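Engineer: Contents of structure_15.csv (CSV, C-alpha atoms) are given next:
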chain,number,residue,atom,x,y,z
N,1,MET,CA,118.7,167.3,101.3
N,2,ASN,CA,118.8,164.0,99.4
N,3,ASN,CA,118.8,163.5,95.6
N,4,HIS,CA,120.5,166.8,94.8
N,5,GLN,CA,121.2,167.2,91.1
N,6,THR,CA,124.8,168.3,90.6
N,7,TRP,CA,125.3,168.2,86.9
N,8,PRO,CA,124.3,170.4,85.1
N,9,PRO,CA,120.8,171.2,86.5
N,10,ARG,CA,120.7,173.8,89.3
N,11,SER,CA,121.3,172.3,92.7
N,12,HIS,CA,118.3,172.0,95.0
N,13,SER,CA,120.5,171.9,98.0
N,14,SER,CA,118.8,172.8,101.3
N,15,PRO,CA,118.6,176.5,102.1
N,16,PHE,CA,121.8,177.6,103.9
N,17,PHE,CA,124.0,178.6,106.8
N,18,THR,CA,123.7,182.1,107.5
N,19,VAL,CA,121.6,185.2,107.3
N,20,PRO,CA,121.2,189.0,108.0
N,21,GLN,CA,119.3,190.6,110.8
N,22,VAL,CA,116.2,192.6,111.0
N,23,PRO,CA,116.7,196.2,112.2
N,24,THR,CA,115.9,196.5,115.8
N,25,THR,CA,113.0,198.7,116.8
N,26,LYS,CA,113.7,198.4,120.5
N,27,THR,CA,114.7,201.4,122.5
N,28,PRO,CA,117.4,201.3,125.1
N,29,THR,CA,116.4,200.4,128.7
N,30,LYS,CA,118.4,200.5,131.9
N,31,SER,CA,119.1,196.8,131.6
N,32,GLN,CA,120.6,197.3,128.1
N,33,PRO,CA,124.2,198.4,127.6
N,34,LYS,CA,124.9,202.0,126.9
N,35,SER,CA,126.5,201.1,123.6
N,36,HIS,CA,123.1,200.0,122.3
N,37,ARG,CA,122.4,203.6,121.5
N,38,SER,CA,121.8,204.3,117.9
N,39,GLN,CA,122.6,208.0,117.8
N,40,LYS,CA,125.9,209.3,116.7
N,41,SER,CA,128.9,209.2,119.0
N,42,THR,CA,129.4,212.3,121.1
N,43,ARG,CA,133.1,211.7,121.7
N,44,GLN,CA,135.2,214.8,121.3
N,45,ARG,CA,137.7,214.6,118.4
N,46,SER,CA,141.3,215.5,118.8
N,47,PRO,CA,143.3,217.3,116.1
N,48,ASN,CA,144.9,213.9,115.4
N,49,ALA,CA,141.6,212.1,115.2
N,50,HIS,CA,142.5,210.6,111.8
N,51,ARG,CA,145.2,208.6,113.7
N,52,ASP,CA,143.2,208.0,116.9
N,53,PHE,CA,141.4,204.7,116.8
N,54,SER,CA,139.3,205.6,119.8
N,55,ALA,CA,137.7,208.4,117.7
N,56,LEU,CA,135.9,205.9,115.4
N,57,PRO,CA,132.1,206.4,115.6
N,58,ASP,CA,130.3,203.6,117.4
N,59,ASP,CA,128.1,202.7,114.4
N,60,LEU,CA,131.2,202.3,112.2
N,61,LEU,CA,133.0,200.2,114.8
N,62,ILE,CA,130.0,198.0,115.3
N,63,LYS,CA,129.8,197.5,111.5
N,64,ILE,CA,133.4,196.5,111.3
N,65,GLY,CA,133.1,194.1,114.2
N,66,SER,CA,129.8,192.6,113.1
N,67,THR,CA,131.6,189.6,111.5
N,68,PHE,CA,134.1,189.1,114.3
N,69,SER,CA,134.4,185.9,116.3
N,70,LEU,CA,134.1,186.2,120.1
N,71,ARG,CA,137.8,185.8,120.4
N,72,ASN,CA,138.5,188.7,118.0
N,73,LEU,CA,135.8,190.8,119.7
N,74,ARG,CA,137.5,190.3,123.1
N,75,ALA,CA,140.9,191.3,121.6
N,76,ALA,CA,139.4,194.4,120.0
N,77,SER,CA,137.7,195.4,123.2
N,78,LEU,CA,141.2,195.6,124.9
N,79,VAL,CA,142.4,198.3,122.5
N,80,CYS,CA,140.9,201.2,124.5
N,81,ARG,CA,138.0,202.0,126.9
N,82,SER,CA,135.8,203.5,124.1
N,83,TRP,CA,136.2,200.4,122.0
N,84,ASN,CA,135.3,198.2,125.0
N,85,GLU,CA,132.1,200.2,125.5
N,86,ALA,CA,131.2,200.3,121.8
N,87,LEU,CA,131.7,196.6,121.3
N,88,HIS,CA,129.7,195.5,124.3
N,89,PRO,CA,126.5,194.8,122.3
N,90,LEU,CA,128.5,192.5,119.9
N,91,ARG,CA,129.9,190.6,122.9
N,92,GLU,CA,126.4,190.2,124.1
N,93,ALA,CA,125.3,189.1,120.6
N,94,MET,CA,127.9,186.3,120.7
N,95,LEU,CA,126.4,185.0,123.9
N,96,PHE,CA,122.9,185.0,122.3
N,97,LEU,CA,124.4,183.3,119.2
N,98,LYS,CA,125.9,180.5,121.4
N,99,SER,CA,122.6,180.1,123.3
N,100,GLY,CA,120.7,179.9,120.0
N,101,LYS,CA,123.0,177.1,118.7
N,102,ARG,CA,122.4,175.2,122.0
N,103,TYR,CA,118.7,175.3,121.5
N,104,LYS,CA,118.9,174.5,117.8
N,105,HIS,CA,121.0,171.4,118.2
N,106,GLY,CA,120.1,170.3,121.7
N,107,ARG,CA,123.5,170.8,123.2
N,108,GLY,CA,124.7,171.3,126.8
N,109,ASN,CA,121.9,169.5,128.5
N,110,VAL,CA,119.4,171.7,126.7
N,111,ARG,CA,116.4,170.2,124.7
N,112,LYS,CA,116.0,171.3,121.1
N,113,ASP,CA,113.6,174.2,120.9
N,114,MET,CA,113.5,176.0,117.6
N,115,GLU,CA,111.4,178.9,119.0
N,116,LYS,CA,113.9,179.7,121.7
N,117,ALA,CA,116.7,179.2,119.1
N,118,LEU,CA,115.2,181.8,116.8
N,119,ASP,CA,114.5,184.2,119.6
N,120,SER,CA,118.2,184.0,120.7
N,121,PHE,CA,119.4,184.4,117.1
N,122,LEU,CA,117.2,187.5,116.6
N,123,LYS,CA,118.5,189.1,119.8
N,124,GLY,CA,122.0,188.5,118.6
N,125,ALA,CA,121.1,190.0,115.2
N,126,GLU,CA,119.6,193.1,116.9
N,127,ARG,CA,122.9,193.6,118.6
N,128,GLY,CA,124.8,193.6,115.3
N,129,SER,CA,126.1,190.0,114.8
N,130,SER,CA,126.1,189.0,111.2
N,131,MET,CA,126.5,185.4,112.2
N,132,ALA,CA,123.3,185.6,114.3
N,133,MET,CA,121.6,187.2,111.3
N,134,VAL,CA,122.5,184.3,109.1
N,135,ASP,CA,121.4,181.7,111.6
N,136,ALA,CA,118.1,183.6,112.2
N,137,GLY,CA,117.6,183.7,108.4
N,138,LEU,CA,118.1,180.0,108.2
N,139,LEU,CA,115.4,179.3,110.7
N,140,ARG,CA,113.1,181.8,109.0
N,141,TRP,CA,113.7,180.1,105.7
N,142,GLU,CA,112.9,176.7,107.2
N,143,LEU,CA,109.6,178.1,108.6
N,144,GLY,CA,108.7,179.3,105.1
N,145,GLU,CA,109.2,183.0,105.9
N,146,TRP,CA,111.3,183.6,102.8
N,147,GLU,CA,110.9,187.3,102.6
N,148,GLU,CA,112.1,187.8,106.2
N,149,ALA,CA,114.9,185.3,105.6
N,150,VAL,CA,116.1,187.2,102.6
N,151,ARG,CA,116.0,190.4,104.5
N,152,LEU,CA,118.3,188.9,107.2
N,153,TYR,CA,120.6,187.4,104.6
N,154,ARG,CA,120.9,190.8,102.8
N,155,ARG,CA,121.7,192.6,106.0
N,156,ALA,CA,124.5,190.1,106.8
N,157,ALA,CA,125.8,190.3,103.2
N,158,GLU,CA,125.9,194.1,103.2
N,159,VAL,CA,128.3,194.1,106.2
N,160,GLY,CA,130.6,191.7,104.5
N,161,ASP,CA,129.5,188.3,105.9
N,162,VAL,CA,130.4,185.8,103.1
N,163,GLY,CA,127.9,183.2,104.4
N,164,GLY,CA,125.2,185.8,104.2
N,165,MET,CA,126.3,186.6,100.6
N,166,CYS,CA,126.2,183.0,99.6
N,167,ASN,CA,122.8,182.4,101.2
N,168,LEU,CA,121.4,185.5,99.7
N,169,GLY,CA,122.6,184.4,96.3
N,170,ILE,CA,121.0,181.0,96.7
N,171,ALA,CA,117.8,182.5,98.1
N,172,CYS,CA,117.5,184.7,95.0
N,173,LEU,CA,117.5,181.6,92.8
N,174,GLN,CA,114.8,179.9,94.9
N,175,VAL,CA,112.3,182.7,95.8
N,176,LYS,CA,109.2,183.3,93.6
N,177,PRO,CA,109.9,184.9,91.2
N,178,PRO,CA,113.6,184.2,91.1
N,179,ASP,CA,116.2,186.9,90.5
N,180,PRO,CA,119.1,185.1,88.9
N,181,LYS,CA,121.1,188.3,88.1
N,182,GLU,CA,121.0,189.4,91.7
N,183,ALA,CA,121.9,185.8,92.7
N,184,VAL,CA,125.0,185.8,90.5
N,185,LYS,CA,126.1,189.2,91.9
N,186,TRP,CA,126.2,188.0,95.5
N,187,LEU,CA,127.5,184.5,94.6
N,188,TYR,CA,130.4,186.1,92.8
N,189,LYS,CA,131.2,188.3,95.8
N,190,ALA,CA,131.2,185.3,98.2
N,191,ALA,CA,133.0,183.0,95.7
N,192,SER,CA,135.8,185.7,95.3
N,193,ALA,CA,136.1,185.7,99.1
N,194,GLY,CA,136.8,182.0,99.0
N,195,HIS,CA,133.4,180.6,100.1
N,196,ALA,CA,133.4,177.0,98.7
N,197,ARG,CA,129.6,176.6,98.4
N,198,ALA,CA,129.3,179.9,96.7
N,199,GLN,CA,132.0,178.9,94.2
N,200,TYR,CA,130.1,175.7,93.4
N,201,GLN,CA,126.7,177.6,93.0
N,202,LEU,CA,128.3,180.2,90.8
N,203,ALA,CA,129.8,177.5,88.7
N,204,LEU,CA,126.4,176.0,88.2
N,205,CYS,CA,125.0,179.4,87.1
N,206,LEU,CA,127.9,179.8,84.6
N,207,HIS,CA,127.5,176.2,83.4
N,208,GLN,CA,123.7,176.6,82.8
N,209,GLY,CA,123.7,180.3,81.7
N,210,CYS,CA,121.5,181.2,84.7
N,211,GLY,CA,121.6,185.0,85.4
N,212,THR,CA,124.7,185.3,83.1
N,213,ASP,CA,126.1,184.1,79.8
N,214,ARG,CA,126.8,180.4,79.6
N,215,ARG,CA,130.6,180.0,80.1
N,216,PRO,CA,131.7,176.4,80.5
N,217,SER,CA,135.4,177.1,80.8
N,218,GLU,CA,134.9,179.6,83.6
N,219,ALA,CA,132.4,177.3,85.3
N,220,ALA,CA,135.0,174.5,85.3
N,221,ARG,CA,137.5,176.8,87.0
N,222,TRP,CA,135.0,177.7,89.7
N,223,TYR,CA,134.1,174.0,90.2
N,224,LEU,CA,137.9,173.3,90.6
N,225,ARG,CA,138.3,176.1,93.2
N,226,ALA,CA,135.4,174.8,95.2
N,227,ALA,CA,136.7,171.2,94.9
N,228,GLU,CA,140.1,172.3,96.1
N,229,ARG,CA,138.4,173.7,99.2
N,230,GLY,CA,136.8,170.4,100.0
N,231,TYR,CA,133.3,170.7,98.5
N,232,ALA,CA,132.3,167.2,97.4
N,233,ARG,CA,129.7,168.0,94.8
N,234,ALA,CA,132.2,170.3,93.1
N,235,MET,CA,134.7,167.4,93.0
N,236,TYR,CA,132.1,165.3,91.3
N,237,ASN,CA,131.5,168.0,88.6
N,238,VAL,CA,135.3,168.5,88.1
N,239,SER,CA,135.5,164.8,87.4
N,240,LEU,CA,132.8,165.1,84.8
N,241,CYS,CA,134.4,168.2,83.3
N,242,TYR,CA,137.6,166.2,82.7
N,243,SER,CA,135.7,163.1,81.6
N,244,LEU,CA,133.6,165.0,79.0
N,245,GLY,CA,136.2,167.6,78.1
N,246,GLN,CA,133.9,170.5,79.2
N,247,GLY,CA,136.1,173.4,80.3
N,248,PHE,CA,139.2,171.2,80.6
N,249,HIS,CA,141.0,168.9,78.2
N,250,LYS,CA,139.8,165.4,78.5
N,251,SER,CA,141.8,163.4,81.0
N,252,HIS,CA,140.7,160.0,82.2
N,253,ARG,CA,143.4,160.1,84.9
N,254,LEU,CA,142.2,163.4,86.4
N,255,ALA,CA,138.5,162.4,86.0
N,256,LYS,CA,139.2,159.2,88.1
N,257,LYS,CA,141.2,161.2,90.6
N,258,TRP,CA,138.5,163.7,91.3
N,259,MET,CA,135.7,161.1,91.4
N,260,LYS,CA,137.6,159.1,94.0
N,261,ARG,CA,138.1,162.3,96.1
N,262,ALA,CA,134.4,163.0,95.9
N,263,ALA,CA,133.7,159.4,97.0
N,264,ASP,CA,136.1,159.7,99.9
N,265,HIS,CA,134.4,162.9,101.0
N,266,GLY,CA,131.1,160.9,101.3
N,267,LEU,CA,129.2,161.7,98.1
N,268,GLY,CA,127.0,158.7,97.4
N,269,LYS,CA,126.8,159.2,93.7
N,270,ALA,CA,130.5,159.4,93.5
N,271,GLN,CA,130.9,156.3,95.6
N,272,PHE,CA,128.8,154.4,93.1
N,273,GLU,CA,130.7,155.8,90.1
N,274,HIS,CA,134.1,155.0,91.6
N,275,GLY,CA,132.9,151.5,92.6
N,276,LEU,CA,131.7,150.9,89.0
N,277,SER,CA,135.1,152.1,87.7
N,278,LEU,CA,136.9,149.6,90.1
N,279,PHE,CA,134.5,146.8,89.1
N,280,SER,CA,135.3,147.4,85.4
N,281,VAL,CA,139.1,146.8,86.0
N,282,GLY,CA,138.5,143.8,88.3
N,283,GLU,CA,139.2,145.4,91.6
N,284,MET,CA,136.4,143.5,93.3
N,285,MET,CA,137.2,143.9,96.9
N,286,GLU,CA,137.6,147.7,96.8
N,287,ALA,CA,134.7,148.0,94.4
N,288,ALA,CA,132.5,146.1,96.9
N,289,VAL,CA,133.4,148.6,99.7
N,290,TYR,CA,132.5,151.7,97.6
N,291,LEU,CA,129.3,150.1,96.4
N,292,GLU,CA,128.4,149.2,100.0
N,293,LEU,CA,129.0,152.8,101.0
N,294,ALA,CA,126.9,154.1,98.1
N,295,SER,CA,124.0,151.8,99.0
N,296,ARG,CA,124.2,153.1,102.6
N,297,ALA,CA,124.1,156.6,101.2
N,298,GLY,CA,120.8,155.9,99.5
N,299,GLU,CA,122.1,155.2,95.9
N,300,ALA,CA,119.6,152.5,95.0
N,301,ILE,CA,121.3,151.9,91.7
N,302,ALA,CA,124.3,150.5,93.6
N,303,ALA,CA,122.5,147.5,95.0
N,304,PRO,CA,122.2,145.3,91.8
N,305,LEU,CA,125.9,145.7,91.0
N,306,GLN,CA,126.8,145.1,94.6
N,307,ASN,CA,125.0,141.8,94.5
N,308,ILE,CA,127.0,140.8,91.4
N,309,VAL,CA,130.3,141.7,93.1
N,310,ASP,CA,129.3,139.8,96.2
N,311,LEU,CA,128.8,136.6,94.2
N,312,ARG,CA,132.4,136.8,93.1
N,313,LEU,CA,133.7,137.2,96.6
N,314,SER,CA,134.2,134.5,99.3
N,315,ALA,CA,132.2,134.7,102.5
N,316,ALA,CA,135.2,135.9,104.4
N,317,SER,CA,135.8,138.6,101.9
N,318,ARG,CA,132.2,139.7,102.1
N,319,ASP,CA,132.5,139.9,105.9
N,320,ARG,CA,135.7,141.9,105.5
N,321,VAL,CA,133.9,144.4,103.1
N,322,ARG,CA,131.2,145.0,105.8
N,323,VAL,CA,133.9,145.6,108.5
N,324,LEU,CA,135.7,148.1,106.2
N,325,ALA,CA,132.4,149.9,105.4
N,326,ASN,CA,131.5,150.0,109.1
N,327,ASN,CA,134.8,151.6,110.0
N,328,TRP,CA,134.9,154.0,107.1
N,329,ARG,CA,134.8,157.7,107.8
N,330,ALA,CA,134.3,160.5,105.2
N,331,LEU,CA,137.1,163.1,104.8
N,332,PRO,CA,136.3,166.5,106.2
N,333,SER,CA,134.7,168.9,103.7
N,334,MET,CA,134.5,172.7,103.0
N,335,ARG,CA,137.5,174.5,104.5
N,336,ARG,CA,136.4,177.9,105.7
N,337,PRO,CA,137.5,180.9,103.6
Just give me the structure of the file as C-alpha cells.
Structural biologist:
Amino acid sequence: MNNHQTWPPRSHSSPFFTVPQVPTTKTPTKSQPKSHRSQKSTRQRSPNAHRDFSALPDDLLIKIGSTFSLRNLRAASLVCRSWNEALHPLREAMLFLKSGKRYKHGRGNVRKDMEKALDSFLKGAERGSSMAMVDAGLLRWELGEWEEAVRLYRRAAEVGDVGGMCNLGIACLQVKPPDPKEAVKWLYKAASAGHARAQYQLALCLHQGCGTDRRPSEAARWYLRAAERGYARAMYNVSLCYSLGQGFHKSHRLAKKWMKRAADHGLGKAQFEHGLSLFSVGEMMEAAVYLELASRAGEAIAAPLQNIVDLRLSAASRDRVRVLANNWRALPSMRRP
C-alpha cells in the first residue's frame, strides 16, 4: 500500500503473504486419496518402532510435512511406501496451491479469477498445506473476512509456518479490537526464525511500546536484522536510528549508508532523502536521478527540489538523468528465512 508510515508510527502495510487453513469437514470419497483419512494410523508397530520412520503416525507426518515445498515432499515420499501414501494429500495440496496462484495472478494462459483462486487455496489447505492456508487467509483478509483469515493464519502458524506467524501477528494489530500482546508473541516467533517483515514489525512494536515495554535499543537491533535481510523500510529506520542516536550511537556515515541502501531497494521516501543529501553537497547529477525516482514513486515533495536541480543542469544532462532513471532497477528485497 502507498503512504506507509515507517517511523515511528505503526506500519499500515497491506495485510500479508500467508495464512492457516480451516479444518476440513469433508469425508473421504472414492475419488480422494486413502491418506485423507483422519483416524489414527493402523500400522503395526515393530519392537524397534522408535527407530522405524515408517511407524510415524500419519497425522504427525502430515503436520511435519505441512510446510514442505513440493520438491521436499517428493523427496520425503521416496523414503518408504508408508510415507509415500501418507504424504499423498500434501502432494495434491501443492498442485492446488500452484493452481490457485495461476488464478490469482493470471499466469499460464489463465485469466485472473479470485473466486477460483480462493477455492484452490482452500482445497490445498484442507489437505494440510500451510502455504495454501496462508494464501487463502490473504484472500479472506482482502475480502474483509478478517475472522476467517485470522483462523487460517493461526492454523498455519501453529504448524510452524513463519509466514503464517508473521501474518497472524500483523492481523492481531489490525483487527477490532486489536490484541497487541498476542501480536508481539507471534511476531517474536517469526522474527526469531529469520522472517524479515516480522523483524521489522516487531521492531516497530518495541519502538512504540505496543504490546510490550518500549525498548528503543532492542528495536534498533531488530530493524538492523530486517535491514540486513533486505527489507527496505527497515533500512530507512536503521538510517534514522543512526541519525538520531536512537538505539545506536550517532553516525552520519552509517545513516547515509543505510539511507542509500533503502533508496537503492526502491523506497521512494529514502530516494528523496538521499537525493536531498546529494543536493546538499553539490552532487547535482546523481541527486537529479534519485529525485526523479522519488517523484516516480509518488513522493510529491521531491518535485519542487527536482525542478531546482534541473535548472542547474544542461539540457543534455537532464536527458541523461531521464535515461538513467528509465534504466534503473531496484535491488531485490527480503531474502527468505
Engineer: Residues at most 12 Å from Phe272 of chain N, counting all atoms listed in the file, excluding those fewer than 2 positions away in the same chain, as an MDAnalysis selection string?
Structural biologist: chainID N and resid 236 259:260 262:264 266:270 274:279 286:306
Engineer: Applying 10 Å and only C-alpha atoms, which residues near Met235 of chain N remain after dropping the ones on its own chain fewer than 2 positions away? List them as a PyMOL selection string.
Structural biologist: chain N and resi 200+223-233+237-241+255+257-263+265+267+270
Engineer: Hey, which of N:Leu254, N:Ala198, N:Ala75, N:Leu311 ends up closest to Ala234 of chain N? Count only C-alpha atoms.
Structural biologist: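 Closest to Ala234 of chain N of all the choices is N:Ala198.
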Engineer: What is the distance between atom CA of Leu202 of chain N and atom CA of Gly163 of chain N, in Å to one decimal?
Structural biologist: 13.9 Å
Engineer: Which of these residues is nearest to Pro89 of chain N, using all atoms listed in the file: N:Arg127, N:Arg318, N:Arg140, N:Arg102?
Structural biologist: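 The closest residue to Pro89 of chain N is N:Arg127.
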Engineer: If we count all atoms listed in the file, what is near Val184 of chain N at a cut-off of 7 Å, once residues fewer than 4 positions away on the same chain are taken out, given as a PDB file with C-alpha atoms, in the frame of the given file?
Structural biologist:
ATOM      1  CA  GLY N 169     122.600 184.400  96.300  1.00  0.00           C
ATOM      2  CA  PRO N 180     119.100 185.100  88.900  1.00  0.00           C
ATOM      3  CA  TYR N 188     130.400 186.100  92.800  1.00  0.00           C
ATOM      4  CA  LEU N 202     128.300 180.200  90.800  1.00  0.00           C
ATOM      5  CA  GLY N 211     121.600 185.000  85.400  1.00  0.00           C
TER       6      GLY N 211
END
Engineer: Can you tell me, as a PyMOL selection string, what residues are no more than 10 Å from Lys123 of chain N when counting all atoms listed in the file, ignoring any on the same chain fewer than 5 positions away?
Structural biologist: chain N and resi 21-22+24+92-97+100+118+128-129+132-133+136
Engineer: Would you mind writing segment 124-140 of chain N with N, CA and C atoms, as a CSV table (one decimal), in the frame of the given file?
Structural biologist:
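Output file out-v3.csv is given in full below:
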chain,number,residue,atom,x,y,z
N,124,GLY,N,120.6,188.3,119.0
N,124,GLY,CA,122.0,188.5,118.6
N,124,GLY,C,122.1,189.4,117.4
N,125,ALA,N,121.1,189.2,116.5
N,125,ALA,CA,121.1,190.0,115.2
N,125,ALA,C,120.8,191.5,115.6
N,126,GLU,N,119.9,191.7,116.5
N,126,GLU,CA,119.6,193.1,116.9
N,126,GLU,C,120.8,193.8,117.5
N,127,ARG,N,121.7,193.0,118.0
N,127,ARG,CA,122.9,193.6,118.6
N,127,ARG,C,124.1,193.7,117.6
N,128,GLY,N,123.8,193.3,116.4
N,128,GLY,CA,124.8,193.6,115.3
N,128,GLY,C,125.6,192.4,114.8
N,129,SER,N,125.4,191.2,115.3
N,129,SER,CA,126.1,190.0,114.8
N,129,SER,C,125.6,189.5,113.5
N,130,SER,N,126.5,189.5,112.5
N,130,SER,CA,126.1,189.0,111.2
N,130,SER,C,125.9,187.5,111.2
N,131,MET,N,126.7,186.8,112.1
N,131,MET,CA,126.5,185.4,112.2
N,131,MET,C,125.1,185.0,112.8
N,132,ALA,N,124.7,185.8,113.7
N,132,ALA,CA,123.3,185.6,114.3
N,132,ALA,C,122.3,185.9,113.2
N,133,MET,N,122.5,186.9,112.4
N,133,MET,CA,121.6,187.2,111.3
N,133,MET,C,121.4,186.1,110.4
N,134,VAL,N,122.5,185.4,110.0
N,134,VAL,CA,122.5,184.3,109.1
N,134,VAL,C,121.8,183.1,109.7
N,135,ASP,N,122.0,182.8,111.0
N,135,ASP,CA,121.4,181.7,111.6
N,135,ASP,C,119.9,182.0,111.8
N,136,ALA,N,119.5,183.2,112.1
N,136,ALA,CA,118.1,183.6,112.2
N,136,ALA,C,117.4,183.4,110.8
N,137,GLY,N,118.2,183.8,109.8
N,137,GLY,CA,117.6,183.7,108.4
N,137,GLY,C,117.4,182.2,108.0
N,138,LEU,N,118.3,181.4,108.4
N,138,LEU,CA,118.1,180.0,108.2
N,138,LEU,C,116.8,179.4,108.7
N,139,LEU,N,116.6,179.8,110.0
N,139,LEU,CA,115.4,179.3,110.7
N,139,LEU,C,114.1,179.9,110.0
N,140,ARG,N,114.2,181.2,109.7
N,140,ARG,CA,113.1,181.8,109.0
N,140,ARG,C,112.8,181.1,107.7
